[in-house]
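Asks: target_7.tsv is reproduced in full below (TSV, C-alpha atoms and all ligand atoms).
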chain	number	residue	atom	x	y	z
H	1146	MET	CA	30.18	-51.57	203.55
H	1147	SER	CA	30.67	-48.48	201.48
H	1148	GLU	CA	32.50	-45.38	202.57
H	1149	GLY	CA	29.20	-43.54	202.75
H	1150	VAL	CA	27.78	-45.68	205.53
H	1151	GLY	CA	30.83	-45.45	207.64
H	1152	GLY	CA	33.10	-42.50	207.36
H	1153	PRO	CA	31.70	-39.09	207.28
H	1154	GLY	CA	28.28	-40.70	207.17
H	1155	PHE	CA	28.56	-42.26	210.54
H	1156	VAL	CA	29.96	-39.08	211.97
H	1157	THR	CA	27.25	-37.09	210.22
H	1158	GLU	CA	24.55	-39.28	211.71
H	1159	ARG	CA	25.95	-38.86	215.17
H	1160	GLY	CA	27.26	-35.37	215.20
H	1161	SER	CA	25.63	-33.18	212.62
H	1162	PHE	CA	21.95	-34.03	212.42
H	1163	ARG	CA	21.11	-31.75	215.32
H	1164	ALA	CA	18.49	-29.27	214.25
H	1165	GLU	CA	20.77	-26.28	214.68
H	1166	HIS	CA	23.23	-27.81	212.18
H	1167	VAL	CA	20.90	-29.22	209.58
H	1168	ALA	CA	20.36	-26.05	207.56
H	1169	ASP	CA	24.10	-25.86	206.91
H	1170	GLN	CA	24.53	-29.42	205.79
H	1171	ASN	CA	24.75	-30.61	202.22
H	1172	ALA	CA	21.40	-32.32	201.70
H	1173	GLU	CA	22.68	-34.45	198.84
H	1174	ARG	CA	25.43	-35.83	201.03
H	1175	GLN	CA	23.01	-36.35	203.94
H	1176	ALA	CA	20.55	-38.17	201.69
H	1177	PHE	CA	23.35	-40.41	200.39
H	1178	VAL	CA	24.38	-41.28	203.94
H	1179	LEU	CA	20.77	-41.91	205.05
H	1180	ASP	CA	20.21	-44.18	202.04
H	1181	GLN	CA	23.32	-46.17	202.93
H	1182	ILE	CA	22.26	-46.52	206.56
H	1183	ALA	CA	18.72	-47.46	205.55
H	1184	GLY	CA	20.18	-50.40	203.61
H	1185	ARG	CA	21.68	-52.05	206.68
H	1186	PRO	CA	19.84	-55.25	207.56
H	1187	ALA	CA	19.44	-54.19	211.20
H	1188	VAL	CA	17.85	-50.89	210.16
H	1189	ARG	CA	15.59	-52.57	207.59
H	1190	ALA	CA	14.41	-55.04	210.24
H	1191	LEU	CA	13.53	-52.28	212.71
H	1192	LYS	CA	11.78	-50.15	210.08
H	1193	ALA	CA	9.62	-53.15	209.10
H	1194	TRP	CA	8.85	-53.97	212.75
H	1195	ALA	CA	7.94	-50.35	213.49
H	1196	LEU	CA	5.56	-50.16	210.56
H	1197	GLU	CA	3.77	-53.34	211.67
H	1198	GLN	CA	3.37	-51.93	215.18
H	1199	VAL	CA	1.64	-48.74	214.11
H	1200	ALA	CA	0.08	-49.91	210.79
H	1201	PRO	CA	-2.11	-46.92	209.91
H	1202	ALA	CA	-5.64	-47.49	208.64
H	1203	ALA	CA	-6.65	-45.89	205.35
H	1204	GLY	CA	-7.51	-42.26	205.94
H	1205	GLU	CA	-5.62	-41.95	209.21
H	1206	THR	CA	-3.03	-39.20	209.67
H	1207	ALA	CA	0.44	-40.65	210.18
H	1208	VAL	CA	3.45	-38.47	211.00
H	1209	ASP	CA	7.17	-39.26	210.74
H	1210	VAL	CA	9.16	-36.90	212.96
H	1211	GLY	CA	12.63	-36.16	211.53
H	1212	SER	CA	11.69	-37.72	208.21
H	1213	GLY	CA	15.04	-37.33	206.39
H	1214	THR	CA	14.71	-38.61	202.81
H	1215	GLY	CA	11.03	-39.40	203.35
H	1216	GLU	CA	11.39	-43.15	202.83
H	1217	ASP	CA	9.29	-43.95	205.91
H	1218	VAL	CA	6.65	-41.38	205.02
H	1219	LEU	CA	6.16	-43.14	201.69
H	1220	ALA	CA	5.90	-46.44	203.57
H	1221	LEU	CA	3.13	-45.00	205.79
H	1222	ALA	CA	1.34	-43.73	202.66
H	1223	THR	CA	1.20	-47.24	201.18
H	1224	TYR	CA	-1.43	-48.01	203.86
H	1225	GLY	CA	-3.65	-45.28	202.44
H	1226	ALA	CA	-2.82	-42.93	205.32
H	1227	HIS	CA	-2.35	-39.19	204.95
H	1228	ALA	CA	1.38	-39.33	205.58
H	1229	ILE	CA	3.30	-36.26	206.78
H	1230	GLY	CA	7.03	-35.91	207.28
H	1231	VAL	CA	8.20	-33.29	209.79
H	1232	GLU	CA	11.76	-32.24	209.00
H	1233	PRO	CA	13.79	-29.14	209.96
H	1234	SER	CA	16.26	-29.41	207.06
H	1235	PRO	CA	15.00	-27.53	203.95
H	1236	GLY	CA	17.34	-29.56	201.74
H	1237	LEU	CA	16.09	-32.91	203.03
H	1238	ARG	CA	12.46	-31.73	202.76
H	1239	ALA	CA	13.07	-30.82	199.12
H	1240	GLU	CA	14.79	-34.14	198.42
H	1241	ALA	CA	11.96	-36.06	200.11
H	1242	ALA	CA	9.33	-34.14	198.13
H	1243	ARG	CA	11.22	-34.82	194.89
H	1244	ARG	CA	11.27	-38.57	195.65
H	1245	ALA	CA	7.61	-38.58	196.67
H	1246	ALA	CA	6.59	-36.92	193.41
H	1247	ALA	CA	7.82	-40.03	191.62
H	1248	THR	CA	5.37	-42.26	193.54
H	1249	GLN	CA	1.66	-42.84	193.09
H	1250	ALA	CA	0.84	-41.78	196.67
H	1251	GLY	CA	2.92	-38.63	196.21
H	1252	ARG	CA	1.16	-37.74	192.98
H	1253	ALA	CA	-2.23	-38.41	194.58
H	1254	GLY	CA	-1.49	-35.85	197.31
H	1255	GLY	CA	-1.33	-38.37	200.14
H	1256	VAL	CA	2.17	-37.32	201.15
H	1257	GLU	CA	3.36	-34.04	202.61
H	1258	PHE	CA	6.61	-32.71	204.06
H	1259	VAL	CA	6.42	-29.84	206.52
H	1260	GLU	CA	8.93	-27.78	208.43
H	1261	GLY	CA	9.14	-28.50	212.13
H	1262	ARG	CA	10.97	-30.02	215.03
H	1263	ALA	CA	10.21	-32.79	217.45
H	1264	GLU	CA	10.11	-30.24	220.30
H	1265	GLY	CA	7.27	-28.27	218.65
H	1266	LEU	CA	5.18	-30.30	216.23
H	1267	PRO	CA	3.04	-28.26	213.82
H	1268	PHE	CA	-0.24	-30.04	214.66
H	1269	GLY	CA	-3.18	-29.39	216.95
H	1270	ASP	CA	-3.98	-31.42	220.08
H	1271	GLY	CA	-5.23	-34.92	219.22
H	1272	ALA	CA	-4.98	-34.27	215.47
H	1273	VAL	CA	-2.78	-37.27	214.63
H	1274	ASP	CA	-3.41	-41.06	214.67
H	1275	VAL	CA	0.15	-42.38	214.30
H	1276	VAL	CA	3.64	-41.03	215.05
H	1277	ARG	CA	6.96	-42.64	214.21
H	1278	CYS	CA	10.37	-41.18	215.02
H	1279	GLU	CA	13.63	-42.89	214.07
H	1280	ARG	CA	17.19	-41.98	215.10
H	1281	VAL	CA	16.17	-38.42	215.90
H	1282	LEU	CA	15.93	-38.33	219.71
H	1283	GLN	CA	19.69	-38.93	220.01
H	1284	HIS	CA	20.07	-35.45	218.50
H	1285	VAL	CA	17.54	-33.79	220.81
H	1286	ASP	CA	18.66	-32.18	224.09
H	1287	GLU	CA	15.36	-32.80	225.91
H	1288	PRO	CA	13.91	-36.04	224.46
H	1289	GLY	CA	11.23	-36.08	227.19
H	1290	ASP	CA	9.85	-32.78	225.89
H	1291	ALA	CA	9.76	-34.17	222.35
H	1292	VAL	CA	7.85	-37.29	223.40
H	1293	ARG	CA	5.36	-35.26	225.46
H	1294	GLU	CA	4.82	-33.25	222.29
H	1295	MET	CA	4.05	-36.50	220.43
H	1296	ALA	CA	1.54	-37.36	223.17
H	1297	ARG	CA	-0.08	-33.95	222.76
H	1298	VAL	CA	-0.68	-34.30	219.00
H	1299	LEU	CA	-1.87	-37.93	219.17
H	1300	ARG	CA	-5.55	-38.68	219.72
H	1301	PRO	CA	-6.52	-41.05	222.56
H	1302	GLY	CA	-5.80	-44.55	221.22
H	1303	GLY	CA	-3.14	-43.16	218.87
H	1304	ARG	CA	0.03	-45.19	218.30
H	1305	VAL	CA	3.68	-44.18	218.45
H	1306	VAL	CA	6.91	-46.00	217.64
H	1307	LEU	CA	10.42	-44.78	218.45
H	1308	ILE	CA	13.69	-46.19	217.11
H	1309	ASP	CA	17.12	-45.15	218.31
H	1310	THR	CA	20.74	-46.12	218.70
H	1311	ASP	CA	22.43	-46.51	222.07
H	1312	TRP	CA	26.09	-45.50	221.82
H	1313	GLY	CA	26.81	-47.37	225.05
H	1314	THR	CA	26.50	-50.56	222.98
H	1315	ALA	CA	29.32	-49.68	220.55
H	1316	ILE	CA	32.01	-52.39	220.55
H	1317	ILE	CA	35.30	-52.12	218.67
H	1318	HIS	CA	37.85	-54.94	218.88
H	1319	PRO	CA	40.81	-55.27	219.13
H	1320	ALA	CA	41.85	-51.95	220.69
H	1321	ASP	CA	43.70	-50.58	223.69
H	1322	PRO	CA	40.85	-50.27	226.26
H	1323	ASP	CA	41.99	-46.90	227.62
H	1324	VAL	CA	42.43	-45.34	224.15
H	1325	LEU	CA	39.06	-46.74	223.07
H	1326	ARG	CA	37.37	-45.39	226.21
H	1327	ARG	CA	38.69	-41.89	225.54
H	1328	MET	CA	37.80	-42.04	221.83
H	1329	LEU	CA	34.26	-43.30	222.35
H	1330	GLY	CA	33.85	-40.86	225.22
H	1331	TYR	CA	34.80	-38.03	222.90
H	1332	PHE	CA	32.25	-39.09	220.27
H	1333	ARG	CA	29.54	-39.64	222.88
H	1334	ASP	CA	30.16	-36.12	224.17
H	1335	GLN	CA	29.41	-34.80	220.67
H	1336	THR	CA	25.93	-36.37	220.76
H	1337	ALA	CA	23.08	-34.66	222.63
H	1338	ASN	CA	21.49	-37.90	223.88
H	1339	PRO	CA	23.95	-40.75	223.20
H	1340	TYR	CA	22.13	-43.36	225.34
H	1341	SER	CA	18.79	-42.70	223.65
H	1342	GLY	CA	18.16	-46.39	222.87
H	1343	ARG	CA	17.89	-47.50	226.50
H	1344	ARG	CA	15.73	-44.49	227.37
H	1345	LEU	CA	12.93	-45.07	224.86
H	1346	ARG	CA	10.70	-46.92	227.34
H	1347	GLU	CA	11.37	-44.28	229.98
H	1348	VAL	CA	10.49	-41.27	227.83
H	1349	LEU	CA	7.34	-42.99	226.59
H	1350	THR	CA	6.07	-44.09	230.01
H	1351	ASP	CA	6.96	-40.71	231.52
H	1352	ALA	CA	4.82	-39.08	228.82
H	1353	GLY	CA	1.85	-41.27	229.80
H	1354	PHE	CA	2.01	-43.86	227.01
H	1355	GLU	CA	1.27	-47.59	227.46
H	1356	ILE	CA	4.08	-49.70	226.01
H	1357	THR	CA	2.83	-52.20	223.40
H	1358	GLY	CA	6.07	-53.74	222.12
H	1359	GLU	CA	9.85	-53.54	222.03
H	1360	THR	CA	12.68	-55.05	220.04
H	1361	ALA	CA	16.32	-54.49	219.11
H	1362	ALA	CA	18.69	-55.13	216.23
H	1363	THR	CA	22.48	-55.08	216.11
H	1364	TRP	CA	24.47	-53.80	213.20
H	1365	ILE	CA	27.80	-55.59	212.64
H	1366	GLU	CA	30.41	-53.80	210.53
H	1367	PRO	CA	32.14	-55.91	207.85
H	1368	GLN	CA	35.95	-56.34	207.87
H	1369	GLU	CA	36.62	-53.47	205.44
H	1370	GLY	CA	34.98	-51.13	207.98
H	1371	ALA	CA	38.16	-51.38	210.09
H	1372	THR	CA	39.94	-49.03	207.69
H	1373	THR	CA	37.12	-47.16	205.98
H	1374	GLY	CA	34.17	-45.19	207.22
H	1375	PHE	CA	33.62	-44.06	210.77
H	1376	VAL	CA	35.99	-46.52	212.44
H	1377	GLY	CA	38.63	-45.80	209.83
H	1378	MET	CA	38.57	-42.09	210.54
H	1379	MET	CA	37.58	-41.83	214.20
H	1380	HIS	CA	41.19	-41.96	215.40
H	1381	THR	CA	42.14	-38.88	213.35
H	1382	THR	CA	39.09	-36.96	214.53
H	1383	ALA	CA	39.72	-37.91	218.17
H	1384	ALA	CA	43.42	-37.03	217.90
H	1385	ARG	CA	42.62	-33.66	216.32
H	1386	ALA	CA	40.27	-32.94	219.23
H	1387	GLY	CA	42.99	-33.92	221.73
H	1388	ALA	CA	41.10	-36.93	223.12
H	1389	ILE	CA	44.02	-39.23	222.21
H	1390	THR	CA	47.62	-38.60	221.09
H	1391	GLU	CA	48.88	-38.93	217.50
H	1392	ASP	CA	50.89	-42.02	218.53
H	1393	GLU	CA	47.80	-43.60	220.10
H	1394	ALA	CA	45.83	-42.85	216.94
H	1395	ALA	CA	48.45	-44.50	214.74
H	1396	ALA	CA	48.59	-47.58	216.99
H	1397	PHE	CA	44.77	-47.81	217.11
H	1398	THR	CA	44.34	-47.88	213.34
H	1399	LYS	CA	47.27	-50.29	212.81
H	1400	THR	CA	45.84	-52.75	215.34
H	1401	LEU	CA	42.47	-52.69	213.59
H	1402	SER	CA	43.84	-53.02	210.06
H	1403	ASP	CA	46.10	-55.90	211.13
H	1404	ALA	CA	43.09	-57.59	212.72
H	1405	ALA	CA	40.95	-57.08	209.62
H	1406	GLU	CA	43.68	-58.61	207.44
H	1407	ARG	CA	43.30	-61.86	209.38
H	1408	GLY	CA	39.50	-61.50	209.58
H	1409	ALA	CA	39.48	-60.74	213.32
H	1410	PHE	CA	38.04	-57.20	213.43
H	1411	HIS	CA	34.70	-56.63	215.21
H	1412	MET	CA	32.54	-53.52	215.43
H	1413	SER	CA	28.90	-53.61	216.42
H	1414	LEU	CA	26.19	-51.25	217.56
H	1415	THR	CA	22.67	-51.97	218.82
H	1416	MET	CA	19.52	-50.04	217.97
H	1417	TYR	CA	16.27	-50.30	219.92
H	1418	ALA	CA	12.62	-49.81	218.99
H	1419	VAL	CA	9.65	-49.35	221.34
H	1420	SER	CA	6.00	-48.97	220.38
H	1421	ALA	CA	3.27	-47.53	222.58
H	1422	ARG	CA	-0.35	-46.39	222.68
H	1423	LYS	CA	-1.85	-43.23	224.08
H	1424	PRO	CA	-4.54	-44.24	226.64
B	1501	LIG	C1	19.75	-39.78	211.46
B	1501	LIG	S1	18.55	-38.85	210.57
B	1501	LIG	C2	17.18	-40.01	210.51
B	1501	LIG	C3	16.24	-39.72	209.39
B	1501	LIG	C4	15.07	-40.69	209.24
B	1501	LIG	N1	14.25	-40.70	210.45
B	1501	LIG	C5	15.50	-42.09	208.89
B	1501	LIG	O1	15.19	-43.02	209.64
B	1501	LIG	O2	16.18	-42.26	207.85
B	1501	LIG	C6	17.99	-37.64	211.73
B	1501	LIG	C7	16.96	-36.72	211.14
B	1501	LIG	O3	16.39	-35.91	212.18
B	1501	LIG	C8	16.33	-34.58	211.74
B	1501	LIG	N2	16.36	-33.74	212.97
B	1501	LIG	C9	17.42	-33.26	213.65
B	1501	LIG	N3	17.03	-32.60	214.74
B	1501	LIG	C10	15.67	-32.68	214.77
B	1501	LIG	C11	14.67	-32.19	215.64
B	1501	LIG	N4	14.98	-31.49	216.72
B	1501	LIG	N5	13.37	-32.46	215.34
B	1501	LIG	C12	13.04	-33.17	214.25
B	1501	LIG	N6	13.96	-33.66	213.38
B	1501	LIG	C13	15.26	-33.42	213.64
B	1501	LIG	C14	17.50	-34.43	210.80
B	1501	LIG	O4	17.39	-33.33	209.93
B	1501	LIG	C15	17.48	-35.77	210.09
B	1501	LIG	O5	16.60	-35.78	208.99
The structure given in the file should be rewritten as structure tokens.
Ligand SMILES: C[S@@+](CC[C@H](N)C(=O)[O-])C[C@H]1O[C@@H](n2cnc3c(N)ncnc32)[C@H](O)[C@@H]1O
Replies:
Amino acid sequence: MSEGVGGPGFVTERGSFRAEHVADQNAERQAFVLDQIAGRPAVRALKAWALEQVAPAAGETAVDVGSGTGEDVLALATYGAHAIGVEPSPGLRAEAARRAAATQAGRAGGVEFVEGRAEGLPFGDGAVDVVRCERVLQHVDEPGDAVREMARVLRPGGRVVLIDTDWGTAIIHPADPDVLRRMLGYFRDQTANPYSGRRLREVLTDAGFEITGETAATWIEPQEGATTGFVGMMHTTAARAGAITEDEAAAFTKTLSDAAERGAFHMSLTMYAVSARKP
């Protein structure tokens, strides 16, 4: 796995995609990281599943909340839907629009990227047929409010699909359990809603949706990920923040690199997807 998926990318996905940070981020770097993450088999599988669940009919209005590079907006447009990406980052909106302009749907005006946040969608009541929202709710302080907002803009019979990571499923082996607990605890504390994955059903049912499907996919880091990317840098970040000592950081990374040398390193993380219908 490349450095972009892991290292700063992984940290960026977890820590810096919150709406209040996005304007300050380098959109080119963010887009690179999102492209790398989108290439993971587990992510591809969930994106494909999500699209099947909500499959817009031609002419329907389909919205992707937190649309990033716009890849999923273009996918919605291939169904002949009027596809709209809602994205707070001006840089990512511009990048998504640039990519869309190179596609037939984009040139035909079937694709749009608008400024907005999950907590306040720029649509009238019942104006939308389909909503998808992927790896965004983990960055939202009040995910219930965001999902109620999705319910507001969907028409009766409208479909929604949510995808998110659950940081409680992160496994790193081998590692000192106490050091690992403090490190993962530190990173979880940096995320607004780190257990988002397990809460998807809850936020949907609480908002009045009827669940129509659910699935999960686990991403497994290759051996080189022990020393590169997020895992390869998390010990320095955690030590700098005071969550672990410098000695513990050095021992953590040595244990992992030794394990990887003999092919014994393991890191995995599970993502969940739930689809639902507005009654
Ligand atoms: C991890 S990225 C996922 C992007 C895209 N959904 C995908 O699957 O590639 C999170 C995205 O959510 C956006 N975002 C952050 N806070 C948001 C909020 N409150 N409402 C809507 N989008 C938000 C970020 O700018 C970023 O594009």
Asks: Return the single residue from H:Arg1343, H:Arg1174, H:Arg1243, H:Arg1277 that is closest to ligand LIG 1501 (chain B), with distances computed using all atoms listed in the file.
Replies: H:Arg1277
Asks: Quick one: residues within 12 Å of H:Arg1244, only C-alpha atoms counted, chain neighbours fewer than 2 positions away excluded, as a list in words?
Replies: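 Contacts, in chain order: Ala1176, Gly1213, Thr1214, Gly1215, Glu1216, Asp1217, Val1218, Leu1219, Leu1237, Arg1238, Ala1239, Glu1240, Ala1241, Ala1242, Ala1246, Ala1247, Thr1248, Gln1249, Ala1250, Gly1251, Arg1252, Val1256, Glu1257 and Phe1258 of chain H.
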Asks: Counting all atoms listed in the file, I want the residues whose atoms come within 9 Å of (19.4, -40.3, 206.7) in the file frame, returned as a ChimeraX atom specification.
Replies: /H:1154,1158,1162,1175-1183,1212-1214,1237,1280
Asks: Select from stretch 1287-1346 of chain H every residue with an atom at most 9 Å from any atom of stretch 1189-1201 of chain H, then for each give the shortest pair of atoms and their distance in Å to one decimal, using all atoms listed in the file, rows by chain and rising number, as JSON lines.
Replies:
{"residue": "H:Gly1303", "atom": "CA", "partner": "H:Val1199", "partner_atom": "CA", "distance": 8.8}
{"residue": "H:Arg1304", "atom": "CA", "partner": "H:Val1199", "partner_atom": "CA", "distance": 5.7}
{"residue": "H:Val1305", "atom": "CA", "partner": "H:Val1199", "partner_atom": "CA", "distance": 6.6}
{"residue": "H:Val1306", "atom": "CA", "partner": "H:Ala1195", "partner_atom": "CA", "distance": 6.1}
{"residue": "H:Leu1307", "atom": "CA", "partner": "H:Ala1195", "partner_atom": "CA", "distance": 7.9}
{"residue": "H:Ile1308", "atom": "CA", "partner": "H:Leu1191", "partner_atom": "CA", "distance": 7.5}
Asks: Looking at H:Val1324, H:Ala1337, H:Leu1299, H:Ala1386, which one is nearest to ligand LIG 1501 (chain B), with distances taken over only C-alpha atoms and all ligand atoms?
Replies: H:Ala1337
Asks: Just give me the gap between atom CA of H:Ala1418 and atom CA of H:Ala1203 in Å, one decimal is fine.
Replies: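 Atom-to-atom, atom CA of H:Ala1418 and atom CA of H:Ala1203 are spaced 23.9 Å apart.
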Asks: Around the point (38.9, -44.1, 210.7) (coordinates from the file), which residues reach within 10 Å if we count all atoms listed in the file? Answer as number ranges by chain.
Replies: H: 1151-1153, 1370-1383, 1394, 1397-1398, 1401
Asks: Using only C-alpha atoms, which of H:Val1276, H:Ala1245, H:Ile1389, H:Ala1263 sits nearest H:Val1208?
Replies: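 Of H:Val1276, H:Ala1245, H:Ile1389, H:Ala1263, the one nearest H:Val1208 is H:Val1276, counting only C-alpha atoms.
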Asks: Only all heavy atoms, please: stretch 1371-1381 of chain H from the block, as a JSON list (two decimals), in the first residue's frame.
Replies:
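Just written: out_32.json:
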[["chain", "number", "residue", "atom", "x", "y", "z"],
["H", 1371, "ALA", "N", 3.35, -1.77, 8.02],
["H", 1371, "ALA", "CA", 3.87, -1.75, 9.40],
["H", 1371, "ALA", "C", 4.83, -0.58, 9.61],
["H", 1371, "ALA", "O", 4.95, -0.06, 10.72],
["H", 1371, "ALA", "CB", 4.58, -3.06, 9.71],
["H", 1372, "THR", "N", 5.50, -0.17, 8.54],
["H", 1372, "THR", "CA", 6.53, 0.86, 8.68],
["H", 1372, "THR", "C", 6.23, 2.12, 7.87],
["H", 1372, "THR", "O", 6.96, 3.10, 7.96],
["H", 1372, "THR", "CB", 7.91, 0.30, 8.24],
["H", 1372, "THR", "OG1", 7.73, -0.31, 6.95],
["H", 1372, "THR", "CG2", 8.43, -0.71, 9.23],
["H", 1373, "THR", "N", 5.19, 2.08, 7.06],
["H", 1373, "THR", "CA", 4.84, 3.26, 6.28],
["H", 1373, "THR", "C", 3.44, 3.69, 6.70],
["H", 1373, "THR", "O", 2.77, 3.01, 7.47],
["H", 1373, "THR", "CB", 4.82, 2.94, 4.77],
["H", 1373, "THR", "OG1", 3.83, 1.94, 4.54],
["H", 1373, "THR", "CG2", 6.17, 2.46, 4.28],
["H", 1374, "GLY", "N", 3.01, 4.79, 6.17],
["H", 1374, "GLY", "CA", 1.62, 5.19, 6.36],
["H", 1374, "GLY", "C", 1.26, 5.46, 7.80],
["H", 1374, "GLY", "O", 2.09, 5.79, 8.63],
["H", 1375, "PHE", "N", -0.04, 5.30, 8.08],
["H", 1375, "PHE", "CA", -0.59, 5.65, 9.38],
["H", 1375, "PHE", "C", 0.08, 4.87, 10.50],
["H", 1375, "PHE", "O", 0.55, 5.45, 11.48],
["H", 1375, "PHE", "CB", -2.09, 5.38, 9.38],
["H", 1375, "PHE", "CG", -2.71, 5.48, 10.75],
["H", 1375, "PHE", "CD1", -2.76, 6.69, 11.41],
["H", 1375, "PHE", "CD2", -3.25, 4.37, 11.36],
["H", 1375, "PHE", "CE1", -3.33, 6.80, 12.67],
["H", 1375, "PHE", "CE2", -3.82, 4.46, 12.61],
["H", 1375, "PHE", "CZ", -3.86, 5.68, 13.27],
["H", 1376, "VAL", "N", 0.16, 3.55, 10.34],
["H", 1376, "VAL", "CA", 0.74, 2.73, 11.41],
["H", 1376, "VAL", "C", 2.20, 3.11, 11.62],
["H", 1376, "VAL", "O", 2.67, 3.22, 12.75],
["H", 1376, "VAL", "CB", 0.61, 1.23, 11.09],
["H", 1376, "VAL", "CG1", 1.24, 0.39, 12.19],
["H", 1376, "VAL", "CG2", -0.86, 0.86, 10.92],
["H", 1377, "GLY", "N", 2.88, 3.38, 10.50],
["H", 1377, "GLY", "CA", 4.30, 3.72, 10.57],
["H", 1377, "GLY", "C", 4.59, 5.06, 11.22],
["H", 1377, "GLY", "O", 5.73, 5.33, 11.60],
["H", 1378, "MET", "N", 3.57, 5.91, 11.32],
["H", 1378, "MET", "CA", 3.83, 7.22, 11.93],
["H", 1378, "MET", "C", 3.03, 7.46, 13.20],
["H", 1378, "MET", "O", 3.25, 8.45, 13.90],
["H", 1378, "MET", "CB", 3.53, 8.33, 10.92],
["H", 1378, "MET", "CG", 2.06, 8.52, 10.66],
["H", 1378, "MET", "SD", 1.72, 9.93, 9.60],
["H", 1378, "MET", "CE", 2.07, 11.29, 10.69],
["H", 1379, "MET", "N", 2.10, 6.54, 13.53],
["H", 1379, "MET", "CA", 1.21, 6.84, 14.65],
["H", 1379, "MET", "C", 1.98, 6.93, 15.98],
["H", 1379, "MET", "O", 1.61, 7.71, 16.86],
["H", 1379, "MET", "CB", 0.04, 5.85, 14.74],
["H", 1379, "MET", "CG", 0.40, 4.44, 15.07],
["H", 1379, "MET", "SD", -1.02, 3.32, 14.92],
["H", 1379, "MET", "CE", -2.05, 3.84, 16.26],
["H", 1380, "HIS", "N", 3.06, 6.14, 16.09],
["H", 1380, "HIS", "CA", 3.80, 6.18, 17.35],
["H", 1380, "HIS", "C", 4.44, 7.55, 17.58],
["H", 1380, "HIS", "O", 4.47, 8.04, 18.71],
["H", 1380, "HIS", "CB", 4.86, 5.08, 17.39],
["H", 1380, "HIS", "CG", 5.89, 5.18, 16.31],
["H", 1380, "HIS", "ND1", 5.60, 4.91, 14.99],
["H", 1380, "HIS", "CD2", 7.19, 5.53, 16.36],
["H", 1380, "HIS", "CE1", 6.70, 5.09, 14.28],
["H", 1380, "HIS", "NE2", 7.67, 5.47, 15.08],
["H", 1381, "THR", "N", 4.93, 8.19, 16.50],
["H", 1381, "THR", "CA", 5.56, 9.51, 16.69],
["H", 1381, "THR", "C", 4.50, 10.55, 17.05],
["H", 1381, "THR", "O", 4.71, 11.40, 17.91],
["H", 1381, "THR", "CB", 6.34, 9.96, 15.44],
["H", 1381, "THR", "OG1", 5.50, 9.80, 14.30],
["H", 1381, "THR", "CG2", 7.61, 9.18, 15.25]]
